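With TSV, C-alpha atoms and all ligand atoms inside, this is model12.tsv:
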```tsv
chain	number	residue	atom	x	y	z
A	1	MET	CA	-147.66	-20.31	-57.67
A	2	ILE	CA	-145.84	-23.67	-57.80
A	3	ASN	CA	-142.04	-23.55	-58.04
A	4	LEU	CA	-140.97	-26.10	-60.65
A	5	ALA	CA	-137.27	-25.16	-60.61
A	6	VAL	CA	-134.65	-27.76	-59.68
A	7	GLN	CA	-130.94	-27.12	-59.11
A	8	LEU	CA	-128.55	-29.92	-60.00
A	9	PRO	CA	-124.77	-29.84	-60.48
A	10	GLY	CA	-124.21	-27.80	-63.63
A	11	LEU	CA	-127.92	-27.65	-64.35
A	12	SER	CA	-130.30	-24.91	-63.41
A	13	LEU	CA	-133.57	-26.47	-64.52
A	14	LYS	CA	-136.77	-24.42	-65.04
A	15	ASN	CA	-138.65	-27.65	-64.41
A	16	PRO	CA	-137.63	-31.29	-63.85
A	17	ILE	CA	-138.79	-32.66	-67.24
A	18	MET	CA	-136.59	-33.47	-70.24
A	19	PRO	CA	-136.49	-35.85	-73.21
A	20	ALA	CA	-134.40	-39.03	-72.69
A	21	SER	CA	-131.47	-39.84	-74.94
A	22	GLY	CA	-132.30	-41.39	-78.29
A	23	CYS	CA	-136.00	-40.57	-78.31
A	24	PHE	CA	-135.64	-36.93	-79.37
A	25	SER	CA	-132.51	-37.17	-81.52
A	26	PHE	CA	-131.03	-33.67	-81.39
A	27	GLY	CA	-134.40	-31.92	-81.26
A	28	ARG	CA	-134.61	-30.94	-84.91
A	29	GLU	CA	-138.10	-32.40	-85.55
A	30	ILE	CA	-139.65	-31.74	-82.14
A	31	GLY	CA	-138.23	-28.19	-82.26
A	32	GLU	CA	-140.71	-27.57	-85.08
A	33	LEU	CA	-143.64	-28.55	-82.86
A	34	TYR	CA	-143.02	-26.37	-79.79
A	35	ASP	CA	-140.41	-24.07	-78.28
A	36	LEU	CA	-137.69	-26.29	-76.78
A	37	SER	CA	-136.83	-23.49	-74.32
A	38	LYS	CA	-139.82	-24.75	-72.34
A	39	LEU	CA	-137.96	-27.97	-71.38
A	40	GLY	CA	-136.01	-28.43	-68.16
A	41	ALA	CA	-133.10	-29.65	-70.29
A	42	VAL	CA	-132.41	-31.60	-73.45
A	43	ILE	CA	-130.54	-34.92	-73.45
A	44	THR	CA	-129.08	-35.62	-76.88
A	45	LYS	CA	-128.73	-38.86	-78.81
A	46	ALA	CA	-125.53	-40.78	-78.03
A	47	THR	CA	-122.47	-39.11	-79.54
A	48	THR	CA	-119.34	-41.01	-80.54
A	49	GLN	CA	-116.02	-39.82	-81.95
A	50	HIS	CA	-116.75	-40.92	-85.54
A	51	PRO	CA	-120.10	-41.19	-87.34
A	52	ARG	CA	-121.91	-44.50	-86.78
A	53	ILE	CA	-124.59	-45.94	-89.05
A	54	GLY	CA	-125.93	-48.16	-86.28
A	55	ASN	CA	-127.12	-51.76	-86.50
A	56	ALA	CA	-128.78	-53.53	-89.42
A	57	THR	CA	-132.58	-53.28	-89.75
A	58	PRO	CA	-135.11	-54.22	-88.50
A	59	ARG	CA	-133.89	-52.51	-85.36
A	60	VAL	CA	-137.12	-51.62	-83.61
A	61	ALA	CA	-139.95	-53.98	-82.71
A	62	GLU	CA	-143.15	-53.76	-80.73
A	63	SER	CA	-143.56	-56.33	-77.99
A	64	SER	CA	-146.68	-57.23	-76.05
A	65	SER	CA	-145.51	-54.93	-73.26
A	66	GLY	CA	-143.23	-52.24	-74.63
A	67	MET	CA	-140.81	-51.38	-77.39
A	68	LEU	CA	-137.56	-53.15	-78.28
A	69	ASN	CA	-134.78	-51.23	-80.00
A	70	ALA	CA	-131.32	-52.09	-81.23
A	71	ILE	CA	-130.44	-48.82	-82.96
A	72	GLY	CA	-126.75	-49.27	-82.13
A	73	LEU	CA	-125.69	-45.69	-81.37
A	74	GLN	CA	-126.35	-44.24	-84.83
A	75	ASN	CA	-125.08	-40.65	-84.85
A	76	PRO	CA	-123.20	-38.25	-87.14
A	77	GLY	CA	-120.03	-38.14	-84.97
A	78	VAL	CA	-118.83	-35.50	-82.57
A	79	GLU	CA	-117.58	-33.02	-85.16
A	80	GLN	CA	-120.99	-32.69	-86.82
A	81	VAL	CA	-122.81	-32.83	-83.50
A	82	VAL	CA	-120.80	-29.78	-82.41
A	83	SER	CA	-120.94	-27.83	-85.68
A	84	GLU	CA	-124.61	-28.43	-86.48
A	85	GLU	CA	-126.69	-29.94	-83.69
A	86	LEU	CA	-125.29	-28.17	-80.63
A	87	LYS	CA	-125.07	-24.92	-82.58
A	88	ARG	CA	-128.78	-25.14	-83.49
A	89	LEU	CA	-129.72	-26.08	-79.91
A	90	ALA	CA	-127.87	-22.94	-78.71
A	91	SER	CA	-130.69	-20.83	-80.16
A	92	TYR	CA	-132.91	-22.15	-77.34
A	93	ASP	CA	-132.73	-21.10	-73.71
A	94	VAL	CA	-132.26	-24.67	-72.49
A	95	PRO	CA	-129.31	-26.51	-70.91
A	96	VAL	CA	-128.03	-29.38	-73.02
A	97	ILE	CA	-126.81	-32.70	-71.64
A	98	VAL	CA	-124.76	-34.58	-74.23
A	99	ASN	CA	-125.00	-38.37	-74.10
A	100	VAL	CA	-121.45	-39.62	-74.71
A	101	ALA	CA	-120.66	-43.15	-75.90
A	102	GLY	CA	-117.58	-44.96	-77.12
A	103	SER	CA	-115.78	-48.21	-77.78
A	104	SER	CA	-112.75	-47.44	-75.62
A	105	LEU	CA	-111.87	-45.32	-72.61
A	106	GLU	CA	-109.91	-43.03	-74.95
A	107	GLU	CA	-112.94	-42.46	-77.19
A	108	TYR	CA	-115.19	-41.54	-74.23
A	109	VAL	CA	-112.52	-39.13	-72.94
A	110	GLU	CA	-112.02	-37.52	-76.34
A	111	VAL	CA	-115.74	-36.96	-77.00
A	112	ALA	CA	-116.39	-35.70	-73.46
A	113	SER	CA	-113.48	-33.29	-73.63
A	114	VAL	CA	-114.68	-31.83	-76.98
A	115	VAL	CA	-118.38	-31.43	-76.14
A	116	SER	CA	-117.84	-30.14	-72.61
A	117	LYS	CA	-116.13	-27.04	-74.01
A	118	ILE	CA	-119.27	-25.98	-75.92
A	119	SER	CA	-121.03	-23.19	-74.06
A	120	ASN	CA	-124.61	-24.54	-74.16
A	121	VAL	CA	-123.47	-27.99	-72.95
A	122	HIS	CA	-124.04	-27.96	-69.20
A	123	ALA	CA	-123.47	-31.63	-68.43
A	124	ILE	CA	-122.45	-34.97	-69.88
A	125	GLU	CA	-124.44	-38.17	-69.63
A	126	LEU	CA	-121.96	-41.00	-69.80
A	127	ASN	CA	-123.60	-43.89	-71.61
A	128	ILE	CA	-122.00	-47.01	-70.16
A	129	SER	CA	-125.23	-48.96	-70.41
A	130	CYS	CA	-126.17	-49.39	-74.07
A	131	PRO	CA	-127.15	-53.04	-74.51
A	132	ASN	CA	-127.15	-52.86	-78.31
A	133	VAL	CA	-123.51	-52.61	-79.36
A	134	LYS	CA	-120.80	-55.24	-79.08
A	135	ASP	CA	-117.81	-52.96	-78.74
A	136	GLY	CA	-118.74	-50.48	-76.08
A	137	GLY	CA	-121.52	-49.31	-73.88
A	138	ILE	CA	-122.64	-51.96	-71.51
A	139	ILE	CA	-119.26	-53.66	-71.00
A	140	PHE	CA	-118.24	-50.48	-69.16
A	141	GLY	CA	-121.39	-50.44	-67.05
A	142	THR	CA	-121.57	-53.93	-65.62
A	143	ASP	CA	-118.32	-54.00	-63.66
A	144	ALA	CA	-117.91	-51.56	-60.77
A	145	LEU	CA	-114.13	-51.20	-61.19
A	146	VAL	CA	-114.31	-50.58	-64.93
A	147	ALA	CA	-117.20	-48.13	-64.50
A	148	ALA	CA	-115.26	-46.24	-61.83
A	149	GLU	CA	-112.10	-46.08	-63.91
A	150	LEU	CA	-114.00	-44.71	-66.90
A	151	THR	CA	-115.91	-42.21	-64.76
A	152	LYS	CA	-112.68	-40.93	-63.22
A	153	ALA	CA	-111.06	-40.45	-66.63
A	154	VAL	CA	-114.09	-38.65	-68.09
A	155	VAL	CA	-114.53	-36.42	-65.02
A	156	ALA	CA	-110.86	-35.41	-65.32
A	157	ALA	CA	-111.23	-34.60	-69.03
A	158	SER	CA	-114.55	-32.80	-68.82
A	159	SER	CA	-115.15	-29.18	-67.91
A	160	VAL	CA	-118.82	-29.83	-67.02
A	161	PRO	CA	-120.41	-32.18	-64.45
A	162	VAL	CA	-120.66	-35.82	-65.45
A	163	TYR	CA	-123.82	-37.89	-64.94
A	164	VAL	CA	-123.45	-41.63	-65.46
A	165	LYS	CA	-126.28	-43.68	-66.96
A	166	LEU	CA	-126.79	-46.98	-65.18
A	167	SER	CA	-127.79	-50.28	-66.71
A	168	PRO	CA	-130.55	-52.41	-65.19
A	169	ASN	CA	-128.91	-55.47	-66.79
A	170	VAL	CA	-126.80	-56.29	-63.72
A	171	THR	CA	-127.17	-58.58	-60.74
A	172	SER	CA	-126.55	-55.86	-58.19
A	173	ILE	CA	-126.72	-52.18	-59.07
A	174	VAL	CA	-125.68	-50.61	-55.75
A	175	PRO	CA	-121.94	-51.46	-55.84
A	176	ILE	CA	-121.75	-50.02	-59.36
A	177	ALA	CA	-123.60	-46.83	-58.38
A	178	LYS	CA	-121.41	-46.39	-55.29
A	179	ALA	CA	-118.19	-46.91	-57.27
A	180	ILE	CA	-119.32	-44.30	-59.79
A	181	GLU	CA	-120.21	-41.84	-57.02
A	182	GLU	CA	-116.80	-42.35	-55.39
A	183	ALA	CA	-115.11	-41.89	-58.78
A	184	GLY	CA	-116.41	-38.31	-58.90
A	185	ALA	CA	-119.65	-38.42	-60.90
A	186	SER	CA	-121.95	-35.48	-60.16
A	187	GLY	CA	-125.10	-37.51	-60.71
A	188	LEU	CA	-126.67	-40.70	-62.02
A	189	THR	CA	-129.26	-41.24	-64.70
A	190	MET	CA	-131.29	-44.41	-64.59
A	191	ILE	CA	-132.35	-46.58	-66.13
A	192	ASN	CA	-131.31	-47.63	-69.61
A	193	THR	CA	-133.28	-50.35	-71.41
A	194	LEU	CA	-133.58	-53.99	-70.32
A	195	LEU	CA	-132.18	-56.60	-72.65
A	196	GLY	CA	-134.99	-58.46	-74.41
A	197	MET	CA	-135.97	-60.39	-77.49
A	198	GLU	CA	-139.15	-60.75	-79.53
A	199	LEU	CA	-140.02	-63.40	-82.12
A	200	ASP	CA	-141.78	-63.08	-85.45
A	201	ARG	CA	-144.94	-65.17	-85.05
A	202	LYS	CA	-144.89	-66.50	-88.60
A	203	THR	CA	-141.25	-67.52	-88.85
A	204	GLY	CA	-140.44	-68.09	-85.18
A	205	LYS	CA	-137.22	-66.14	-85.72
A	206	PRO	CA	-136.08	-63.04	-83.84
A	207	ILE	CA	-137.62	-59.85	-85.27
A	208	LEU	CA	-134.56	-57.72	-84.68
A	209	ALA	CA	-131.60	-58.22	-87.00
A	210	ASN	CA	-129.45	-57.91	-83.88
A	211	ARG	CA	-131.53	-60.77	-82.28
A	212	THR	CA	-131.79	-58.85	-79.00
A	213	GLY	CA	-132.67	-55.27	-78.16
A	214	GLY	CA	-133.46	-52.95	-75.28
A	215	LEU	CA	-136.97	-53.04	-73.81
A	216	SER	CA	-138.42	-49.66	-72.87
A	217	GLY	CA	-141.81	-48.13	-72.06
A	218	PRO	CA	-144.27	-48.58	-69.17
A	219	ALA	CA	-143.31	-52.24	-68.66
A	220	ILE	CA	-139.96	-51.19	-67.19
A	221	LYS	CA	-141.24	-48.55	-64.77
A	222	PRO	CA	-141.67	-50.84	-61.72
A	223	ILE	CA	-138.14	-52.14	-62.31
A	224	ALA	CA	-136.77	-48.61	-62.57
A	225	ILE	CA	-138.59	-47.56	-59.40
A	226	ARG	CA	-137.12	-50.52	-57.52
A	227	LEU	CA	-133.59	-49.83	-58.77
A	228	ILE	CA	-133.80	-46.10	-58.03
A	229	ASP	CA	-135.07	-46.91	-54.55
A	230	GLU	CA	-132.01	-49.14	-53.94
A	231	VAL	CA	-129.57	-46.58	-55.34
A	232	ARG	CA	-131.23	-43.63	-53.56
A	233	ARG	CA	-130.79	-45.35	-50.20
A	234	ASN	CA	-127.11	-45.99	-50.83
A	235	THR	CA	-125.79	-42.91	-52.63
A	236	SER	CA	-126.16	-39.15	-52.17
A	237	ILE	CA	-125.66	-37.71	-55.66
A	238	PRO	CA	-128.71	-36.57	-57.67
A	239	ILE	CA	-130.61	-38.98	-59.92
A	240	ILE	CA	-132.34	-38.20	-63.21
A	241	ALA	CA	-134.94	-40.96	-63.64
A	242	MET	CA	-136.34	-42.54	-66.78
A	243	GLY	CA	-138.32	-45.62	-67.71
A	244	GLY	CA	-141.88	-45.67	-69.00
A	245	VAL	CA	-142.91	-42.12	-68.15
A	246	GLU	CA	-146.20	-41.36	-69.91
A	247	THR	CA	-148.29	-39.46	-67.38
A	248	VAL	CA	-147.81	-36.78	-64.76
A	249	GLN	CA	-148.43	-39.47	-62.12
A	250	ASP	CA	-145.34	-41.28	-63.43
A	251	VAL	CA	-143.36	-38.05	-62.92
A	252	ILE	CA	-144.69	-37.75	-59.36
A	253	ASP	CA	-143.79	-41.40	-58.68
A	254	TYR	CA	-140.18	-40.89	-59.75
A	255	LEU	CA	-139.84	-37.69	-57.71
A	256	SER	CA	-141.38	-39.50	-54.75
A	257	ILE	CA	-138.86	-42.33	-54.86
A	258	GLY	CA	-136.08	-39.77	-54.79
A	259	ALA	CA	-135.29	-38.76	-58.36
A	260	ASN	CA	-134.41	-35.08	-58.76
A	261	ALA	CA	-135.59	-34.84	-62.36
A	262	VAL	CA	-137.32	-37.07	-64.89
A	263	ALA	CA	-136.67	-37.91	-68.54
A	264	VAL	CA	-139.25	-39.15	-71.04
A	265	GLY	CA	-138.24	-41.61	-73.77
A	266	THR	CA	-140.46	-44.05	-75.64
A	267	ALA	CA	-143.64	-42.02	-75.03
A	268	HIS	CA	-142.32	-39.55	-77.65
A	269	PHE	CA	-143.05	-42.07	-80.41
A	270	LYS	CA	-146.77	-41.97	-79.52
A	271	ASN	CA	-146.93	-38.30	-78.62
A	272	PRO	CA	-144.11	-35.92	-79.60
A	273	TRP	CA	-145.64	-33.15	-77.40
A	274	ILE	CA	-145.40	-35.35	-74.28
A	275	CYS	CA	-142.74	-33.32	-72.40
A	276	SER	CA	-144.53	-30.05	-73.04
A	277	GLU	CA	-147.84	-31.52	-71.83
A	278	LEU	CA	-146.29	-32.99	-68.67
A	279	ILE	CA	-144.68	-29.63	-67.83
A	280	ASP	CA	-148.14	-28.00	-68.14
A	281	GLN	CA	-149.74	-30.64	-65.91
A	282	LEU	CA	-147.09	-30.74	-63.18
A	283	PRO	CA	-148.12	-27.65	-61.14
A	284	GLU	CA	-151.65	-28.95	-60.60
A	285	ALA	CA	-150.41	-32.45	-59.75
A	286	LEU	CA	-148.05	-31.02	-57.11
A	287	ALA	CA	-150.72	-28.67	-55.75
A	288	SER	CA	-153.17	-31.56	-55.35
A	289	LEU	CA	-150.61	-33.19	-53.04
A	290	GLY	CA	-150.28	-29.99	-51.03
A	291	TYR	CA	-146.83	-29.06	-52.33
A	292	SER	CA	-145.75	-25.65	-53.57
A	293	SER	CA	-142.51	-26.82	-55.17
A	294	VAL	CA	-140.97	-29.82	-56.91
A	295	GLU	CA	-138.30	-29.96	-54.21
A	296	GLN	CA	-140.95	-30.74	-51.56
A	297	CYS	CA	-142.03	-33.85	-53.49
A	298	ILE	CA	-138.55	-35.31	-53.99
A	299	GLY	CA	-137.95	-38.39	-51.83
A	300	ARG	CA	-141.33	-38.35	-50.07
A	301	SER	CA	-141.51	-42.17	-50.32
A	302	HIS	CA	-138.55	-42.33	-47.99
A	303	ASP	CA	-139.65	-39.78	-45.39
A	304	HIS	CA	-139.22	-41.90	-42.30
A	305	GLU	CA	-136.49	-44.47	-42.95
A	306	TYR	CA	-134.64	-42.19	-45.39
A	307	LEU	CA	-134.22	-39.48	-42.80
A	308	LEU	CA	-133.19	-42.01	-40.15
A	309	SER	CA	-130.50	-43.39	-42.44
A	310	ARG	CA	-128.86	-39.99	-43.12
A	401	LIG	C1	-135.19	-45.81	-79.85
A	401	LIG	C2	-134.37	-45.61	-78.61
A	401	LIG	C3	-133.07	-45.12	-78.72
A	401	LIG	C4	-132.29	-44.92	-77.55
A	401	LIG	N1	-131.04	-44.42	-77.68
A	401	LIG	C5	-130.30	-44.19	-76.56
A	401	LIG	C6	-129.00	-43.60	-76.65
A	401	LIG	O1	-128.51	-43.26	-77.73
A	401	LIG	N2	-128.30	-43.43	-75.49
A	401	LIG	C7	-128.82	-43.77	-74.26
A	401	LIG	O2	-128.15	-43.58	-73.25
A	401	LIG	N3	-130.07	-44.28	-74.15
A	401	LIG	C8	-130.81	-44.50	-75.26
A	401	LIG	N4	-132.07	-45.02	-75.14
A	401	LIG	C9	-132.62	-45.33	-73.79
A	401	LIG	C10	-133.52	-44.20	-73.27
A	401	LIG	O3	-132.82	-42.99	-73.16
A	401	LIG	C11	-134.16	-44.57	-71.91
A	401	LIG	O4	-133.13	-44.75	-70.97
A	401	LIG	C12	-135.00	-45.83	-71.95
A	401	LIG	O5	-135.68	-45.96	-73.19
A	401	LIG	C13	-136.03	-45.89	-70.80
A	401	LIG	O6	-136.94	-44.82	-70.85
A	401	LIG	P1	-138.39	-44.96	-71.58
A	401	LIG	O7	-139.02	-46.19	-71.07
A	401	LIG	O8	-139.11	-43.68	-71.24
A	401	LIG	O9	-138.10	-45.05	-73.06
A	401	LIG	C14	-132.85	-45.23	-76.29
A	401	LIG	C15	-134.16	-45.71	-76.21
A	401	LIG	C16	-134.93	-45.90	-77.34
A	401	LIG	C17	-136.34	-46.41	-77.20
```
Once you've parsed the file, please lay out its structure as structure tokens.
Amino acid sequence: MINLAVQLPGLSLKNPIMPASGCFSFGREIGELYDLSKLGAVITKATTQHPRIGNATPRVAESSSGMLNAIGLQNPGVEQVVSEELKRLASYDVPVIVNVAGSSLEEYVEVASVVSKISNVHAIELNISCPNVKDGGIIFGTDALVAAELTKAVVAASSVPVYVKLSPNVTSIVPIAKAIEEAGASGLTMINTLLGMELDRKTGKPILANRTGGLSGPAIKPIAIRLIDEVRRNTSIPIIAMGGVETVQDVIDYLSIGANAVAVGTAHFKNPWICSELIDQLPEALASLGYSSVEQCIGRSHDHEYLLSR
């Protein structure tokens, strides 16, 4: 019997697999396909104080090596998220992580304070890394001091642990991760999408109305692995990893590099059952490596040097 359970601050996970923010919305559609209680956790779509309609269309595009999106934080606003979406998710036996976004420190604090009081919300994912909105998101995630100040304020206002989602669109990720850890975050999630652009072959113009968008899918996995490796060596708080997960080997790779759990994003658009299938496949994948638990696999890439550095 393989033990898939993982304990993280605020989160008692049955298994380490969950949908990534924005690729599962609030679980309404996928909840009709299988029992969401099977998931390790659910990460919701970004939630802001007021409803947002998002960016102009077209706001998704295929590229030769992944998907570009510039959705722009479309969501019904925190009031409706609480009264409808979180209420519906409470019928499942699954911890919910609410992805919180905003245009100002005050908005982040307000949304975090409201959602953290809801009983099935076990953690907050602080989205300081959205590359697709002008007035929020990434401006908070690219400067260590600003990221730390925001983290501190949200940790103080929140009654559940706060995980901060890191952007890969920075020159050096470690100082930002360290500042966020020192500011009191309980964990990190990484990575968000990489800023990209794709042209329409006929017109030569950008496909996305926003011109640029976030690249996701298998193309970004080697970048995510490299960034998680850097952050894992320099911080001690747990990491929930994401970026191009499509197969159980991808899950094993992220656990190996030191992630404590794994989220699946873009793969949902090809296969909405992906999380359920990966959960079914994980015990055999771990057993074939000689492990009897997920915990034994976490950080195995680092065995030698990692232990020496502790
Ligand atoms: C269509 C789409 C919408 C997304 N919306 C959000 C969001 O609202 N908040 C957020 O933090 N990340 C959002 N993301 C980023 C994903 O959660 C994830 O970090 C990223 O896509 C990398 O994982 P993947 O390669 O498995 O998709 C979105 C990604 C996509 C493709």
Residues of chain A that have any atom at most 8 Å from an atom of ligand LIG 401 (chain A): could you tabulate them with the shortest-distance atom pair and the distance in Å to one decimal, using all atoms listed in the file, ordered by chain and increasing number, as CSV?
```
residue,atom,partner,partner_atom,distance
A:Ala20,CA,A:LIG401,O3,4.3
A:Ser21,CA,A:LIG401,O3,3.9
A:Gly22,CA,A:LIG401,N1,3.3
A:Cys23,CA,A:LIG401,C2,5.3
A:Thr44,CA,A:LIG401,O1,7.7
A:Lys45,CA,A:LIG401,O1,4.5
A:Ala46,CA,A:LIG401,O1,3.9
A:Thr47,CA,A:LIG401,O1,7.5
A:Val60,CA,A:LIG401,C1,7.2
A:Met67,CA,A:LIG401,C17,6.7
A:Leu68,CA,A:LIG401,C17,6.9
A:Asn69,CA,A:LIG401,C1,5.4
A:Ala70,CA,A:LIG401,C1,7.5
A:Ile71,CA,A:LIG401,C3,6.2
A:Gly72,CA,A:LIG401,O1,7.7
A:Leu73,CA,A:LIG401,O1,5.2
A:Gln74,CA,A:LIG401,O1,7.5
A:Asn99,CA,A:LIG401,O2,6.1
A:Val100,CA,A:LIG401,N2,7.9
A:Ala101,CA,A:LIG401,N2,7.7
A:Glu125,CA,A:LIG401,O2,7.5
A:Leu126,CA,A:LIG401,O2,7.5
A:Asn127,CA,A:LIG401,O2,4.8
A:Ile128,CA,A:LIG401,O2,7.7
A:Ser129,CA,A:LIG401,O2,6.7
A:Cys130,CA,A:LIG401,O2,6.2
A:Lys165,CA,A:LIG401,O2,6.6
A:Met190,CA,A:LIG401,O4,6.6
A:Ile191,CA,A:LIG401,O4,5.2
A:Asn192,CA,A:LIG401,O4,3.7
A:Thr193,CA,A:LIG401,C12,4.9
A:Gly214,CA,A:LIG401,C15,7.3
A:Leu215,CA,A:LIG401,O5,7.2
A:Ser216,CA,A:LIG401,O7,4.0
A:Gly217,CA,A:LIG401,O7,3.5
A:Pro218,CA,A:LIG401,O7,6.1
A:Ala219,CA,A:LIG401,O7,7.8
A:Ile220,CA,A:LIG401,O7,6.4
A:Lys221,CA,A:LIG401,O7,7.1
A:Met242,CA,A:LIG401,O6,4.7
A:Gly243,CA,A:LIG401,O7,3.5
A:Gly244,CA,A:LIG401,O7,3.6
A:Val245,CA,A:LIG401,O8,5.1
A:Glu246,CA,A:LIG401,O8,7.6
A:Ala263,CA,A:LIG401,O8,6.8
A:Val264,CA,A:LIG401,O8,4.5
A:Gly265,CA,A:LIG401,O8,3.4
A:Thr266,CA,A:LIG401,O9,3.6
A:Ala267,CA,A:LIG401,O8,6.1
```
Determine, for each residue of segment 112-230 of chain A having at least one atom at most 8 Å from an atom of segment 255-259 of chain A, the closest pair of atoms and their separation in Å to one decimal, counting only C-alpha atoms; order by chain and ascending number, as JSON lines.
```
{"residue": "A:Ile225", "atom": "CA", "partner": "A:Ile257", "partner_atom": "CA", "distance": 6.9}
{"residue": "A:Ile228", "atom": "CA", "partner": "A:Ile257", "partner_atom": "CA", "distance": 7.1}
{"residue": "A:Asp229", "atom": "CA", "partner": "A:Ile257", "partner_atom": "CA", "distance": 6.0}
```
Inset, instruction - Select, from A:Thr48, A:Asn260, A:Asn120, A:Thr142, the residue with the minimum atom-to-atom distance to Lys87 of chain A, counting only C-alpha atoms. - result: A:Asn120
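The gap separating atom CA of Gly54 of chain A from atom CA of Gly31 of chain A is 23.8 Å, in Å to one decimal.
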Inset, instruction - Between A:Val111, A:Asn234, A:Ala261, A:Val98, single out the one closest to Ser12 of chain A, counting all atoms listed in the file. - result: A:Ala261
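Nearest-residue note for His268 of chain A: choosing from A:Val231, A:Val162, A:Met18, A:Ile2, the minimum distance belongs to A:Met18, counting only C-alpha atoms.
Closest approach to Ile97 of chain A among A:Leu13, A:Asp253, A:Gln296, A:Ala61: A:Leu13, based on all atoms listed in the file.
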Legend entry - Option closest in space to Arg232 of chain A, from A:Gln49, A:Ser301, A:Gln281, A:Asn55 [counting all atoms listed in the file]: A:Ser301
Legend entry - A:Pro16, A:Ala177, A:Ser293, A:Met197 ranked by distance to Val262 of chain A, top pick (using all atoms listed in the file): A:Pro16
Inset, instruction - Would you mind reading off the distance between atom CA of Ile298 of chain A and atom CA of Thr171 of chain A, one decimal, in Å? - result: 26.8 Å
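The spacing separating atom CA of Val115 of chain A from atom CA of Val155 of chain A amounts to 12.8 Å.
Counting all atoms listed in the file, Ser172 of chain A has the following residues at most 12 Å away, ignoring those fewer than 3 positions along the same chain: Gly141, Thr142, Asp143, Ala144, Leu166, Ser167, Pro168, Asn169, Pro175, Ile176, Ala177, Lys178, Arg226, Leu227, Glu230 and Val231 of chain A.
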Inset, instruction - Extract, using all atoms listed in the file, all DNA, RNA and protein residues at most 7 Å from segment 198-202 of chain A, discarding same-chain residues fewer than 4 positions from it, and format them as a PyMOL selection string. - result: chain A and resi 63+206-207
Inset, instruction - Give as a ChimeraX atom specification the set of residues within 12 Å of the point (-141.0, -29.3, -65.5), where distances use the file's coordinates and all atoms listed in the file. - result: /A:2-6,12-19,37-42,248,251-252,255,260-264,274-286,293-295
